[in-house]
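Engineer: Right, I'll just put the structure down here and ask away after.
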Amino acid sequence: MNPRRTELLAAGAATVSVILWASAFVSIRSAGEEYSPGALALGRLLVGAVVLGGICLVRREGLPPRAAWPGIAISGLLWFGFYSVVLNWGEQQVDAGTAALVVNIGPILIALLGARLLGDPMPPRLLAGMAVSFAGAVTVGLSMSGEGGSSVLGVVLCLLAAVGYAGGVVAQKPALGHASALQVTTYGCLVGAALCLPFTGQLISEAAHASVSATLNMVYLGVFSLALAFTTWAYALARTTASSMGATTYAVPALVVLMSWLALGEVPGPLTLAGGALCLAGVAVSRSRTRSARVVAAAPQPEQARESA
């Protein structure tokens with residue numbers, strides 16, 4: 001496949017993931033009013049597992065190769081399982097904007113872990129873009145978390161979610177060298193669901209009394225922000241570095257602001273809008289390349305083209 005086309009497809013897949021994950025912050029806040037953190041995580045994972053399992057059956061995807069399982073298991077435990085529970089809990093303590101801000105220290109951790117464990121490059125533009133986006137994320141979070149909207153417990157939980165997210169992404173990257181994006185996502189989801197099985201009783205009890213709206217939010221989280229978003233993310237991650245993919249998620253706080261405005265009627269102020277603009281600008285910088293890099297990428301590289309295909 002043409003390297004330029006591969007890059008565009010990866011960027012498009014990453015964009016889908018970022019938009020759906022931003023919407024998840026709003027849905028988690030809504031569903032979290034009636035579902036406890038563990039029950040919501042388990043319900044979301046079970047829905048996602050059913051959808052992904054069905055797609056695997058239709059596509060006749062078999063079990064991942066043995067070499068992929070360490071990465072699948074670690075990402076399933078850290079990202080699909082642990083991250084889901086602590087983020088749900090954290091969003092019961094802080095508003096969506098603050099949660100998005102704190103969780104988005106994850107890209108910094110991904111860049112550091114990726115450079116250390118995977119040998120990912122740290123080009124100046126990536127570092128500059130991360131710095132700009134982080135400044136924007138801080139601005140968004142500070143502008144949306146006034147009047148007691150955040151708590152120490154909530155911030156700590158969101159920090160733990162960021163650690164789980166970063167560890168999961170870095171563990172997932174090597175697995176994608178041995179298995180397809182669909183396989184890695186499906187079996188990671190199953191590992192996360194297995195971790196959350198102790199919350200089965202809570203899920204059954206709460207689902208029996210929850211409103212239709214809360215349950216639909218949980219289903220949405222499973223189908224779109226998990227099954228679809230994690231698959232498109234894995235597809236993009238297999239075609240770029242963990243550091244570059246992590247930097248892309250800095251757009252999430254800006255999108256959370258917009259979605260909260262549209263869904264919840266929370267009108268953002270000038271400071272919030274400025275922070276959102278910085279988030280998006282940083283992503284653009286981090287994913288841009290110098291002129292010389294573009295020329296090199298455009299030159300014929302048969303070996304690289306075979307790998308991409």
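Just remember, in the structure tokens the first chain shown is A, the second B, etc., residues are 1-based per chain, and ligands are 1-based in the order shown.
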If we count only C-alpha atoms, what is near Gly167 (chain A) at a cut-off of 8 Å, once residues fewer than 3 positions away on the same chain are taken out, given as a compact mmCIF listing (two decimals) with N, CA, C and O atoms, in the first residue's frame?
Structural biologist:
```
# COMPACT_ATOMS: atom_id res chain seq x y z
N SER A 75 -2.63 -5.22 28.00
CA SER A 75 -3.50 -4.11 27.61
C SER A 75 -4.93 -4.36 28.07
O SER A 75 -5.64 -3.43 28.45
N LEU A 78 -4.86 -3.60 31.95
CA LEU A 78 -4.60 -2.20 32.30
C LEU A 78 -5.58 -1.23 31.67
O LEU A 78 -6.08 -0.31 32.34
N TRP A 79 -5.84 -1.40 30.36
CA TRP A 79 -6.60 -0.40 29.62
C TRP A 79 -8.09 -0.72 29.60
O TRP A 79 -8.93 0.11 29.94
N ILE A 110 2.89 7.84 27.60
CA ILE A 110 3.05 6.96 26.43
C ILE A 110 4.35 7.29 25.70
O ILE A 110 5.10 6.40 25.30
N LEU A 113 7.30 6.04 27.88
CA LEU A 113 7.37 4.57 27.87
C LEU A 113 7.70 4.05 26.48
O LEU A 113 8.46 3.08 26.33
N VAL A 163 -2.40 6.31 33.94
CA VAL A 163 -1.30 5.32 34.01
C VAL A 163 -1.73 4.01 33.34
O VAL A 163 -0.97 3.42 32.58
N GLY A 164 -2.98 3.57 33.62
CA GLY A 164 -3.47 2.34 33.00
C GLY A 164 -3.57 2.48 31.49
O GLY A 164 -3.22 1.55 30.74
N VAL A 170 1.15 1.06 25.28
CA VAL A 170 2.52 0.61 25.02
C VAL A 170 2.58 -0.91 24.93
O VAL A 170 3.32 -1.47 24.11
N ALA A 171 1.78 -1.60 25.75
CA ALA A 171 1.75 -3.07 25.69
C ALA A 171 1.07 -3.55 24.41
O ALA A 171 1.43 -4.61 23.87
```
Engineer: Identify, with DSSP run on backbone atoms, the residues in region 47-257 of chain A assigned to helix (DSSP H, G or I), and express the list as a PyMOL selection string.
Structural biologist: chain A and resi 47-59+66-90+96-103+106-118+124-144+152-175+181-195+197-209+212-237+242-257
Engineer: Could you jot down the CA of Pro37 (chain A) to CA of Gly192 (chain A) separation for me, Å, one decimal place?
Structural biologist: 13.9 Å
Engineer: Find the residues around region 40-42 of chain A up to 8 Å (only C-alpha atoms counted), leave out those fewer than 4 positions away in its own chain, and share them as a PDB file with N, CA and C atoms, in the first residue's frame.
Structural biologist:
```pdb
ATOM      1  N   ALA A  31     -24.428   7.987  32.546  1.00  0.00           N
ATOM      2  CA  ALA A  31     -24.718   6.635  33.033  1.00  0.00           C
ATOM      3  C   ALA A  31     -24.262   6.447  34.467  1.00  0.00           C
ATOM      4  N   GLY A  32     -23.218   7.180  34.869  1.00  0.00           N
ATOM      5  CA  GLY A  32     -22.679   7.036  36.218  1.00  0.00           C
ATOM      6  C   GLY A  32     -23.608   7.518  37.318  1.00  0.00           C
ATOM      7  N   TYR A  35     -25.410   3.904  37.538  1.00  0.00           N
ATOM      8  CA  TYR A  35     -24.594   2.696  37.568  1.00  0.00           C
ATOM      9  C   TYR A  35     -23.312   2.958  38.361  1.00  0.00           C
ATOM     10  N   SER A  36     -22.938   2.009  39.207  1.00  0.00           N
ATOM     11  CA  SER A  36     -21.685   2.129  39.952  1.00  0.00           C
ATOM     12  C   SER A  36     -20.508   1.900  38.994  1.00  0.00           C
ATOM     13  N   LEU A  46     -18.972  -6.065  28.321  1.00  0.00           N
ATOM     14  CA  LEU A  46     -19.765  -7.187  27.812  1.00  0.00           C
ATOM     15  C   LEU A  46     -20.427  -6.828  26.482  1.00  0.00           C
ATOM     16  N   GLY A  81      -9.774  -3.080  31.403  1.00  0.00           N
ATOM     17  CA  GLY A  81     -10.345  -3.359  32.709  1.00  0.00           C
ATOM     18  C   GLY A  81     -10.099  -2.274  33.738  1.00  0.00           C
ATOM     19  N   SER A  84     -11.114   1.363  32.824  1.00  0.00           N
ATOM     20  CA  SER A  84     -12.563   1.585  32.769  1.00  0.00           C
ATOM     21  C   SER A  84     -13.148   1.809  34.156  1.00  0.00           C
ATOM     22  N   VAL A  85     -12.732   0.984  35.118  1.00  0.00           N
ATOM     23  CA  VAL A  85     -13.292   1.089  36.471  1.00  0.00           C
ATOM     24  C   VAL A  85     -12.882   2.393  37.140  1.00  0.00           C
ATOM     25  N   ASN A  88     -14.480   5.521  35.474  1.00  0.00           N
ATOM     26  CA  ASN A  88     -15.890   5.640  35.865  1.00  0.00           C
ATOM     27  C   ASN A  88     -16.026   6.187  37.275  1.00  0.00           C
ATOM     28  N   ALA A 193     -13.145  -7.743  30.505  1.00  0.00           N
ATOM     29  CA  ALA A 193     -14.433  -8.200  31.031  1.00  0.00           C
ATOM     30  C   ALA A 193     -14.234  -9.255  32.110  1.00  0.00           C
ATOM     31  N   CYS A 196     -13.446  -7.754  35.351  1.00  0.00           N
ATOM     32  CA  CYS A 196     -14.574  -7.063  35.987  1.00  0.00           C
ATOM     33  C   CYS A 196     -15.725  -7.994  36.398  1.00  0.00           C
ATOM     34  N   LEU A 197     -15.572  -9.288  36.217  1.00  0.00           N
ATOM     35  CA  LEU A 197     -16.649 -10.224  36.557  1.00  0.00           C
ATOM     36  C   LEU A 197     -17.113 -10.142  38.009  1.00  0.00           C
ATOM     37  N   PHE A 199     -18.064  -7.755  39.516  1.00  0.00           N
ATOM     38  CA  PHE A 199     -19.126  -6.749  39.596  1.00  0.00           C
ATOM     39  C   PHE A 199     -20.431  -7.229  38.953  1.00  0.00           C
ATOM     40  N   THR A 200     -20.522  -8.520  38.636  1.00  0.00           N
ATOM     41  CA  THR A 200     -21.700  -9.058  37.962  1.00  0.00           C
ATOM     42  C   THR A 200     -22.970  -8.822  38.773  1.00  0.00           C
ATOM     43  N   LEU A 203     -24.111  -5.257  38.548  1.00  0.00           N
ATOM     44  CA  LEU A 203     -24.650  -4.932  37.228  1.00  0.00           C
ATOM     45  C   LEU A 203     -26.081  -5.435  37.088  1.00  0.00           C
ATOM     46  N   MET A 218     -24.843   3.170  28.516  1.00  0.00           N
ATOM     47  CA  MET A 218     -23.908   2.064  28.724  1.00  0.00           C
ATOM     48  C   MET A 218     -23.723   1.268  27.433  1.00  0.00           C
TER      49      MET A 218
END
```
Engineer: What is the CA of Val86 (chain A)-CA of Ala210 (chain A) distance in Å, reported with one decimal?
Structural biologist: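 Atom-to-atom, CA of Val86 (chain A) to CA of Ala210 (chain A), that is 20.9 Å.
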Engineer: Interatomic distance between CA of Arg29 (chain A) and CA of Ser213 (chain A)?
Structural biologist: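 Calculated distance between CA of Arg29 (chain A) and CA of Ser213 (chain A) is 12.1 Å.
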Engineer: Using only C-alpha atoms, find the one residue out of A:Ala39, A:Val256, A:Val51, A:Val18 that sits nearest to Ala100 (chain A).
Structural biologist: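 Closest to Ala100 (chain A), using only C-alpha atoms: A:Val256.
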Engineer: Determine, counting only C-alpha atoms, which protein, DNA and RNA residues have an atom within 10 Å of an atom of Leu9 (chain A); residues of the same chain fewer than 3 positions away are not included. Present the result as a PyMOL selection string.
Structural biologist: chain A and resi 3-6+12-15+232+235-236+239
